[in-house]
>>> print(open('input.cif').read())   # mmCIF, C-alpha atoms
data_data
loop_
_atom_site.group_PDB
_atom_site.id
_atom_site.type_symbol
_atom_site.label_atom_id
_atom_site.label_comp_id
_atom_site.auth_asym_id
_atom_site.auth_seq_id
_atom_site.Cartn_x
_atom_site.Cartn_y
_atom_site.Cartn_z
ATOM 1 C CA MET A 1 100.205 261.080 59.570
ATOM 2 C CA ASP A 2 103.182 258.805 60.242
ATOM 3 C CA ARG A 3 104.484 256.842 57.285
ATOM 4 C CA ILE A 4 107.264 254.342 56.839
ATOM 5 C CA PRO A 5 109.504 255.495 53.961
ATOM 6 C CA ILE A 6 109.939 253.252 50.915
ATOM 7 C CA LEU A 7 113.209 253.649 48.990
ATOM 8 C CA LYS A 8 113.683 252.492 45.411
ATOM 9 C CA ILE A 9 117.099 251.056 44.607
ATOM 10 C CA GLY A 10 117.116 249.850 41.003
ATOM 11 C CA ASP A 11 114.461 247.137 40.731
ATOM 12 C CA ILE A 12 114.148 246.772 44.483
ATOM 13 C CA LEU A 13 112.047 248.595 47.061
ATOM 14 C CA LEU A 14 113.713 248.868 50.454
ATOM 15 C CA VAL A 15 111.591 249.361 53.553
ATOM 16 C CA SER A 16 113.413 249.747 56.825
ATOM 17 C CA ILE A 17 111.100 249.881 59.819
ATOM 18 C CA GLN A 18 112.625 252.119 62.467
ATOM 19 C CA VAL A 19 109.629 253.011 64.608
ATOM 20 C CA ASP A 20 107.294 251.257 67.021
ATOM 21 C CA LEU A 21 104.668 249.530 64.932
ATOM 22 C CA HIS A 22 100.990 250.054 65.490
ATOM 23 C CA ASP A 23 97.986 248.860 63.492
ATOM 24 C CA ARG A 24 97.387 251.921 61.380
ATOM 25 C CA LEU A 25 101.042 252.277 60.506
ATOM 26 C CA VAL A 26 101.430 248.700 59.244
ATOM 27 C CA LEU A 27 98.190 248.902 57.287
ATOM 28 C CA THR A 28 99.347 252.180 55.698
ATOM 29 C CA LEU A 29 102.618 250.485 54.802
ATOM 30 C CA GLN A 30 100.712 247.623 53.175
ATOM 31 C CA ASP A 31 98.800 250.134 50.996
ATOM 32 C CA ASP A 32 101.815 252.314 50.209
ATOM 33 C CA LEU A 33 103.966 249.361 49.273
ATOM 34 C CA THR A 34 101.451 247.737 46.932
ATOM 35 C CA ASN A 35 100.859 251.106 45.230
ATOM 36 C CA LYS A 36 104.583 251.660 44.884
ATOM 37 C CA LEU A 37 105.078 248.180 43.391
ATOM 38 C CA VAL A 38 102.547 248.909 40.670
ATOM 39 C CA GLU A 39 103.816 252.443 40.113
ATOM 40 C CA THR A 40 107.500 251.500 39.788
ATOM 41 C CA GLY A 41 107.263 247.951 38.442
ATOM 42 C CA ALA A 42 109.833 246.949 41.049
ATOM 43 C CA ARG A 43 110.618 243.224 41.112
ATOM 44 C CA GLY A 44 111.702 242.849 44.677
ATOM 45 C CA VAL A 45 110.936 244.135 48.178
ATOM 46 C CA LEU A 46 113.301 244.058 51.111
ATOM 47 C CA LEU A 47 111.503 244.456 54.419
ATOM 48 C CA ASP A 48 114.132 245.213 57.042
ATOM 49 C CA ILE A 49 113.019 244.595 60.637
ATOM 50 C CA SER A 50 116.454 244.769 62.279
ATOM 51 C CA LEU A 51 115.269 247.627 64.517
ATOM 52 C CA VAL A 52 111.907 246.067 65.346
ATOM 53 C CA ASP A 53 111.801 244.775 68.919
ATOM 54 C CA MET A 54 108.634 242.676 68.647
ATOM 55 C CA VAL A 55 106.425 241.054 66.037
ATOM 56 C CA ASP A 56 103.015 240.186 67.443
ATOM 57 C CA SER A 57 100.366 238.179 65.586
ATOM 58 C CA PHE A 58 98.863 241.278 63.982
ATOM 59 C CA VAL A 59 102.177 242.517 62.603
ATOM 60 C CA GLY A 60 103.038 238.946 61.563
ATOM 61 C CA ARG A 61 99.796 238.645 59.638
ATOM 62 C CA VAL A 62 100.448 241.908 57.804
ATOM 63 C CA ILE A 63 103.990 240.789 56.928
ATOM 64 C CA ALA A 64 102.600 237.542 55.471
ATOM 65 C CA ASN A 65 99.960 239.561 53.583
ATOM 66 C CA ILE A 66 102.555 241.931 52.133
ATOM 67 C CA ALA A 67 104.572 238.941 50.900
ATOM 68 C CA SER A 68 101.483 237.483 49.184
ATOM 69 C CA MET A 69 100.550 240.832 47.677
ATOM 70 C CA ALA A 70 104.086 241.353 46.366
ATOM 71 C CA HIS A 71 103.964 237.892 44.846
ATOM 72 C CA ILE A 72 100.766 238.500 42.903
ATOM 73 C CA LEU A 73 102.173 241.869 41.777
ATOM 74 C CA ASP A 74 105.099 240.051 40.161
ATOM 75 C CA ALA A 75 107.632 240.845 42.850
ATOM 76 C CA GLU A 76 109.339 238.870 45.575
ATOM 77 C CA MET A 77 109.495 240.016 49.175
ATOM 78 C CA LEU A 78 112.339 239.141 51.466
ATOM 79 C CA LEU A 79 112.043 239.687 55.205
ATOM 80 C CA VAL A 80 115.471 240.602 56.549
ATOM 81 C CA GLY A 81 117.212 241.414 59.802
ATOM 82 C CA MET A 82 114.993 239.603 62.288
ATOM 83 C CA ARG A 83 116.501 239.774 65.771
ATOM 84 C CA PRO A 84 117.130 236.407 67.478
ATOM 85 C CA GLU A 85 114.819 237.200 70.412
ATOM 86 C CA VAL A 86 112.037 238.127 67.971
ATOM 87 C CA ALA A 87 112.538 234.803 66.154
ATOM 88 C CA ILE A 88 112.282 232.906 69.465
ATOM 89 C CA THR A 89 109.089 234.734 70.391
ATOM 90 C CA ILE A 90 107.494 234.180 66.976
ATOM 91 C CA VAL A 91 108.078 230.435 67.210
ATOM 92 C CA GLU A 92 106.758 230.199 70.781
ATOM 93 C CA LEU A 93 103.752 232.317 69.896
ATOM 94 C CA GLY A 94 102.919 229.661 67.287
ATOM 95 C CA MET A 95 103.209 232.051 64.381
ATOM 96 C CA SER A 96 106.031 230.412 62.461
ATOM 97 C CA SER A 97 103.648 228.396 60.270
ATOM 98 C CA SER A 98 101.871 231.591 59.159
ATOM 99 C CA LEU A 99 105.231 232.968 58.078
ATOM 100 C CA LYS A 100 106.396 229.815 56.328
ATOM 101 C CA ALA A 101 105.669 231.228 52.892
ATOM 102 C CA VAL A 102 107.739 234.320 53.657
ATOM 103 C CA ARG A 103 111.328 234.169 52.412
ATOM 104 C CA THR A 104 113.965 235.564 54.702
ATOM 105 C CA ALA A 105 117.604 236.599 54.717
ATOM 106 C CA LEU A 106 119.777 237.469 57.676
ATOM 107 C CA ASN A 107 120.466 241.063 56.698
ATOM 108 C CA VAL A 108 119.864 243.711 54.049
ATOM 109 C CA GLU A 109 123.124 243.014 52.248
ATOM 110 C CA LYS A 110 122.446 239.297 51.833
ATOM 111 C CA GLY A 111 118.831 239.983 50.919
ATOM 112 C CA MET A 112 119.879 242.500 48.287
ATOM 113 C CA ASP A 113 122.287 239.969 46.733
ATOM 114 C CA ILE A 114 119.618 237.254 46.635
ATOM 115 C CA LEU A 115 117.027 239.522 45.032
ATOM 116 C CA ARG A 116 119.452 240.963 42.482
ATOM 117 C CA GLU A 117 120.604 237.524 41.383
ATOM 118 C CA GLN A 118 117.045 236.345 41.094
ATOM 119 C CA ILE A 119 115.929 239.383 39.110
ATOM 120 C CA ALA A 120 118.938 239.081 36.788
ATOM 121 C CA ALA A 121 118.172 235.385 36.196
ATOM 122 C CA GLN A 122 114.543 236.164 35.374
ATOM 123 C CA LYS A 123 115.553 238.881 32.929
ATOM 124 C CA PHE A 124 117.887 236.433 31.230
ATOM 125 C CA GLU A 125 115.120 233.871 30.920
ATOM 126 C CA HIS A 126 112.470 236.325 29.764
ATOM 127 C CA PRO A 127 114.387 239.245 28.260
ATOM 128 C CA HIS A 128 111.309 241.010 26.856
ATOM 129 C CA ASP A 129 108.943 240.596 29.763
ATOM 130 C CA HIS A 130 110.303 243.076 32.215
ATOM 131 C CA GLN A 131 111.577 246.315 30.826
ATOM 132 C CA THR A 132 112.363 248.651 33.665
ATOM 133 C CA SER A 133 112.221 252.385 33.432
ATOM 134 C CA MET B 1 104.627 237.309 98.412
ATOM 135 C CA ILE B 2 105.193 241.042 98.271
ATOM 136 C CA ILE B 3 104.034 243.441 95.594
ATOM 137 C CA LYS B 4 106.959 245.833 95.363
ATOM 138 C CA ARG B 5 105.272 248.331 93.095
ATOM 139 C CA HIS B 6 102.302 248.641 90.808
ATOM 140 C CA GLU B 7 101.030 250.895 88.081
ATOM 141 C CA VAL B 8 97.705 251.106 86.253
ATOM 142 C CA PHE B 9 97.344 251.979 82.593
ATOM 143 C CA VAL B 10 94.113 253.088 81.025
ATOM 144 C CA ILE B 11 93.562 251.654 77.553
ATOM 145 C CA SER B 12 91.243 253.612 75.304
ATOM 146 C CA ALA B 13 92.904 253.954 71.904
ATOM 147 C CA SER B 14 95.085 251.915 69.579
ATOM 148 C CA GLU B 15 98.064 254.144 70.457
ATOM 149 C CA ASN B 16 97.891 252.652 73.949
ATOM 150 C CA VAL B 17 99.237 249.402 72.505
ATOM 151 C CA ILE B 18 102.546 251.208 72.022
ATOM 152 C CA THR B 19 102.581 253.066 75.341
ATOM 153 C CA ALA B 20 101.688 249.883 77.242
ATOM 154 C CA ARG B 21 104.440 247.969 75.439
ATOM 155 C CA GLN B 22 106.963 250.692 76.268
ATOM 156 C CA ALA B 23 105.944 250.709 79.934
ATOM 157 C CA VAL B 24 106.285 246.919 80.215
ATOM 158 C CA LYS B 25 109.633 247.020 78.434
ATOM 159 C CA LYS B 26 110.895 249.655 80.884
ATOM 160 C CA TRP B 27 109.928 247.510 83.885
ATOM 161 C CA ALA B 28 111.280 244.320 82.314
ATOM 162 C CA VAL B 29 114.632 246.014 81.707
ATOM 163 C CA GLU B 30 114.716 247.478 85.226
ATOM 164 C CA MET B 31 113.944 244.063 86.718
ATOM 165 C CA GLY B 32 116.798 242.495 84.776
ATOM 166 C CA PHE B 33 114.800 240.165 82.517
ATOM 167 C CA SER B 34 116.814 238.696 79.632
ATOM 168 C CA LEU B 35 116.370 240.138 76.165
ATOM 169 C CA SER B 36 114.223 237.217 75.023
ATOM 170 C CA ASP B 37 112.065 237.459 78.167
ATOM 171 C CA GLN B 38 111.648 241.195 77.567
ATOM 172 C CA THR B 39 110.546 240.434 74.016
ATOM 173 C CA LYS B 40 108.054 237.805 75.210
ATOM 174 C CA LEU B 41 106.623 240.208 77.778
ATOM 175 C CA ILE B 42 106.148 243.060 75.319
ATOM 176 C CA THR B 43 104.672 240.680 72.739
ATOM 177 C CA VAL B 44 102.119 239.377 75.257
ATOM 178 C CA THR B 45 101.301 242.970 76.191
ATOM 179 C CA SER B 46 100.835 243.856 72.549
ATOM 180 C CA GLU B 47 98.503 240.899 71.955
ATOM 181 C CA LEU B 48 96.328 241.449 75.010
ATOM 182 C CA VAL B 49 96.102 245.252 74.842
ATOM 183 C CA HIS B 50 95.339 244.877 71.147
ATOM 184 C CA ASN B 51 92.463 242.527 72.022
ATOM 185 C CA ILE B 52 91.044 245.116 74.434
ATOM 186 C CA VAL B 53 91.229 247.875 71.811
ATOM 187 C CA ILE B 54 89.654 245.683 69.107
ATOM 188 C CA TYR B 55 86.920 243.921 71.083
ATOM 189 C CA ALA B 56 86.171 246.113 74.092
ATOM 190 C CA GLN B 57 87.540 249.546 73.072
ATOM 191 C CA ASN B 58 88.315 250.415 76.698
ATOM 192 C CA GLY B 59 90.030 248.685 79.557
ATOM 193 C CA THR B 60 92.966 248.720 81.943
ATOM 194 C CA MET B 61 96.353 247.103 82.336
ATOM 195 C CA LEU B 62 97.768 246.667 85.829
ATOM 196 C CA MET B 63 101.502 246.026 86.133
ATOM 197 C CA GLU B 64 102.894 244.581 89.364
ATOM 198 C CA GLU B 65 106.422 243.720 90.371
ATOM 199 C CA LEU B 66 106.311 240.636 92.576
ATOM 200 C CA ASP B 67 108.838 239.250 95.007
ATOM 201 C CA ASP B 68 108.224 235.869 96.639
ATOM 202 C CA LYS B 69 111.623 235.933 98.418
ATOM 203 C CA VAL B 70 113.065 233.389 96.000
ATOM 204 C CA ARG B 71 112.436 235.115 92.711
ATOM 205 C CA ARG B 72 111.005 238.200 91.173
ATOM 206 C CA GLY B 73 108.168 238.323 88.727
ATOM 207 C CA LEU B 74 106.210 240.688 86.560
ATOM 208 C CA ARG B 75 102.454 240.240 86.738
ATOM 209 C CA MET B 76 100.119 241.952 84.344
ATOM 210 C CA THR B 77 96.342 242.069 84.602
ATOM 211 C CA PHE B 78 94.299 243.013 81.561
ATOM 212 C CA HIS B 79 90.734 243.930 82.312
ATOM 213 C CA ASP B 80 87.853 245.099 80.198
ATOM 214 C CA ASP B 81 84.079 245.408 80.449
ATOM 215 C CA GLY B 82 83.633 244.431 76.809
ATOM 216 C CA PRO B 83 81.547 241.730 75.119
ATOM 217 C CA GLY B 84 83.393 238.824 76.773
ATOM 218 C CA ILE B 85 84.377 235.531 75.170
ATOM 219 C CA ALA B 86 81.545 233.121 74.386
ATOM 220 C CA ASP B 87 83.649 230.013 73.800
ATOM 221 C CA ILE B 88 86.814 230.238 75.893
ATOM 222 C CA ASP B 89 88.012 226.720 75.015
ATOM 223 C CA ARG B 90 87.827 227.482 71.341
ATOM 224 C CA ALA B 91 89.452 230.902 71.762
ATOM 225 C CA MET B 92 92.307 229.228 73.667
ATOM 226 C CA GLN B 93 92.850 226.540 71.032
ATOM 227 C CA GLY B 94 94.524 228.921 68.625
ATOM 228 C CA GLY B 95 93.840 229.511 64.982
ATOM 229 C CA TYR B 96 90.319 230.696 65.767
ATOM 230 C CA SER B 97 89.349 234.342 65.635
ATOM 231 C CA THR B 98 86.148 236.338 65.489
ATOM 232 C CA GLY B 99 88.240 239.375 64.584
ATOM 233 C CA SER B 100 90.892 240.160 62.011
ATOM 234 C CA GLY B 101 93.869 238.423 63.617
ATOM 235 C CA LEU B 102 95.459 235.042 63.255
ATOM 236 C CA GLY B 103 93.631 233.819 66.333
ATOM 237 C CA LEU B 104 96.937 233.281 68.101
ATOM 238 C CA GLY B 105 96.666 236.122 70.605
ATOM 239 C CA LEU B 106 95.362 234.125 73.567
ATOM 240 C CA SER B 107 96.880 230.695 72.947
ATOM 241 C CA GLY B 108 100.194 232.263 71.943
ATOM 242 C CA SER B 109 100.253 234.615 74.918
ATOM 243 C CA LYS B 110 99.755 231.672 77.245
ATOM 244 C CA ARG B 111 102.866 230.020 75.841
ATOM 245 C CA LEU B 112 104.950 233.162 76.363
ATOM 246 C CA VAL B 113 104.379 233.420 80.120
ATOM 247 C CA ASP B 114 104.714 231.159 83.168
ATOM 248 C CA GLU B 115 101.223 231.699 84.537
ATOM 249 C CA PHE B 116 98.073 232.539 82.639
ATOM 250 C CA SER B 117 94.514 232.773 83.836
ATOM 251 C CA LEU B 118 91.471 233.930 81.961
ATOM 252 C CA THR B 119 87.978 234.604 83.188
ATOM 253 C CA SER B 120 85.313 235.987 80.943
ATOM 254 C CA GLU B 121 81.575 236.394 80.919
ATOM 255 C CA VAL B 122 79.512 237.247 77.878
ATOM 256 C CA GLY B 123 78.203 240.792 78.150
ATOM 257 C CA LYS B 124 80.309 241.488 81.254
ATOM 258 C CA GLY B 125 83.930 241.494 80.148
ATOM 259 C CA THR B 126 87.240 239.695 80.209
ATOM 260 C CA HIS B 127 89.927 239.471 82.891
ATOM 261 C CA ILE B 128 93.346 238.009 82.083
ATOM 262 C CA VAL B 129 96.238 237.673 84.513
ATOM 263 C CA VAL B 130 99.709 236.713 83.289
ATOM 264 C CA THR B 131 102.963 236.343 85.209
ATOM 265 C CA ARG B 132 106.497 235.803 84.080
ATOM 266 C CA TRP B 133 109.089 234.885 86.725
ATOM 267 C CA LYS B 134 112.719 235.728 86.463
#
>>> encode(input="input.cif", output="structure tokens")
Amino acid sequence: MDRIPILKIGDILLVSIQVDLHDRLVLTLQDDLTNKLVETGARGVLLDISLVDMVDSFVGRVIANIASMAHILDAEMLLVGMRPEVAITIVELGMSSSLKAVRTALNVEKGMDILREQIAAQKFEHPHDHQTS
Amino acid sequence: MIIKRHEVFVISASENVITARQAVKKWAVEMGFSLSDQTKLITVTSELVHNIVIYAQNGTMLMEELDDKVRRGLRMTFHDDGPGIADIDRAMQGGYSTGSGLGLGLSGSKRLVDEFSLTSEVGKGTHIVVTRWK
């Protein structure tokens, strides 16, 4: 069965979607990613959609769900790389309010910087809470 | 108005959401639609084919390239013999769903095209015609 690979880079899980999305694939990703968060104790998720040519309401809902799930698993998700034409379509579709709670960055590099800074700041504040393996 | 070409797609499985999207994208590119129009067209296709797969299981998508001498357009007709929509007004309002979505499929799709018409009868099926002009 098709799967979207999840890479672990330090405390961050990187997911780069490079295929046409369909229901089963995004739902599998949702399961895989939550399992991987628990398994690795990762603190951040970067969801890169720079190669995704459309986000319909189903995919949008799953993205919002993944962000909520990451949050309650003590991690932050950043949606990165959205193409301008996808952003336009999302707003016109009326989906932007559903994605309001989802943090974004323009690309993987910026997203990685934001997450790393945030994770470092949290470790400084709570040095004993999050020991990574 | 002339129909320059047409093609019918049978929808019977969730994989058809992808193949239908790819077919519409190919036509939209060939017809010279802008990138954001292409994206709107494939998003509408995704929403409406998805609805057929979820609610009716089977259906068809008809693609037609239109030419009214002034402009060209892409018309898509989504047809199914599924359960139909009991409360069309409510379904078109947005934010209401009897399924697992956000309830934006129909209201959102309408905003992404120039023309949108929906007819549906409970127990008979649903027929949606959308057109985007270039």
>>> resolve_selection(input="input.cif", expression="the PyMOL selection byres ((chain B) within 7 of (chain A))", output="list in words")
Ile18, Leu35, Ser36, Thr39, Lys40, Thr43, Ser46, Glu47, Gly101, Leu102, Leu104, Gly105, Gly108, Ser109, Arg111 and Leu112 of chain B
>>> resolve_selection(input="input.cif", expression="the PyMOL selection byres ((chain B and resi 114-116) around 12)", output="PyMOL selection string")
chain B and resi 37+40-41+44+48+73-78+92+106-113+117-119+127-134
>>> resolve_selection(input="input.cif", expression="the PyMOL selection byres ((chain A and resi 40) around 10)", output="list of chain:residue names")
A:Lys8, A:Gly10, A:Asp11, A:Ile12, A:Leu13, A:Asn35, A:Lys36, A:Leu37, A:Val38, A:Glu39, A:Gly41, A:Ala42, A:Arg43, A:Thr132, A:Ser133
>>> residues_around(input="input.cif", residues="Ser16 in chain A", least_positions_apart="6", cutoff="9 Å", atoms="all atoms listed in the file", output="PyMOL selection string")
chain A and resi 4-7+46-51
>>> residues_around(input="input.cif", residues="range 82-87 of chain B", least_positions_apart="2", cutoff="10 Å", atoms="all atoms listed in the file", output="list in words")
Ile52, Val53, Ile54, Tyr55, Ala56, Gln57, Asn58, Gly59, His79, Asp80, Asp89, Arg90, Ala91, Met92, Thr98, Leu118, Thr119, Ser120, Glu121, Val122, Gly123, Lys124, Gly125, Thr126 and His127 of chain B
>>> atom_distance(input="input.cif", atom1="CA of Ala70 in chain A", atom2="CA of Asp113 in chain A")
18.3 Å
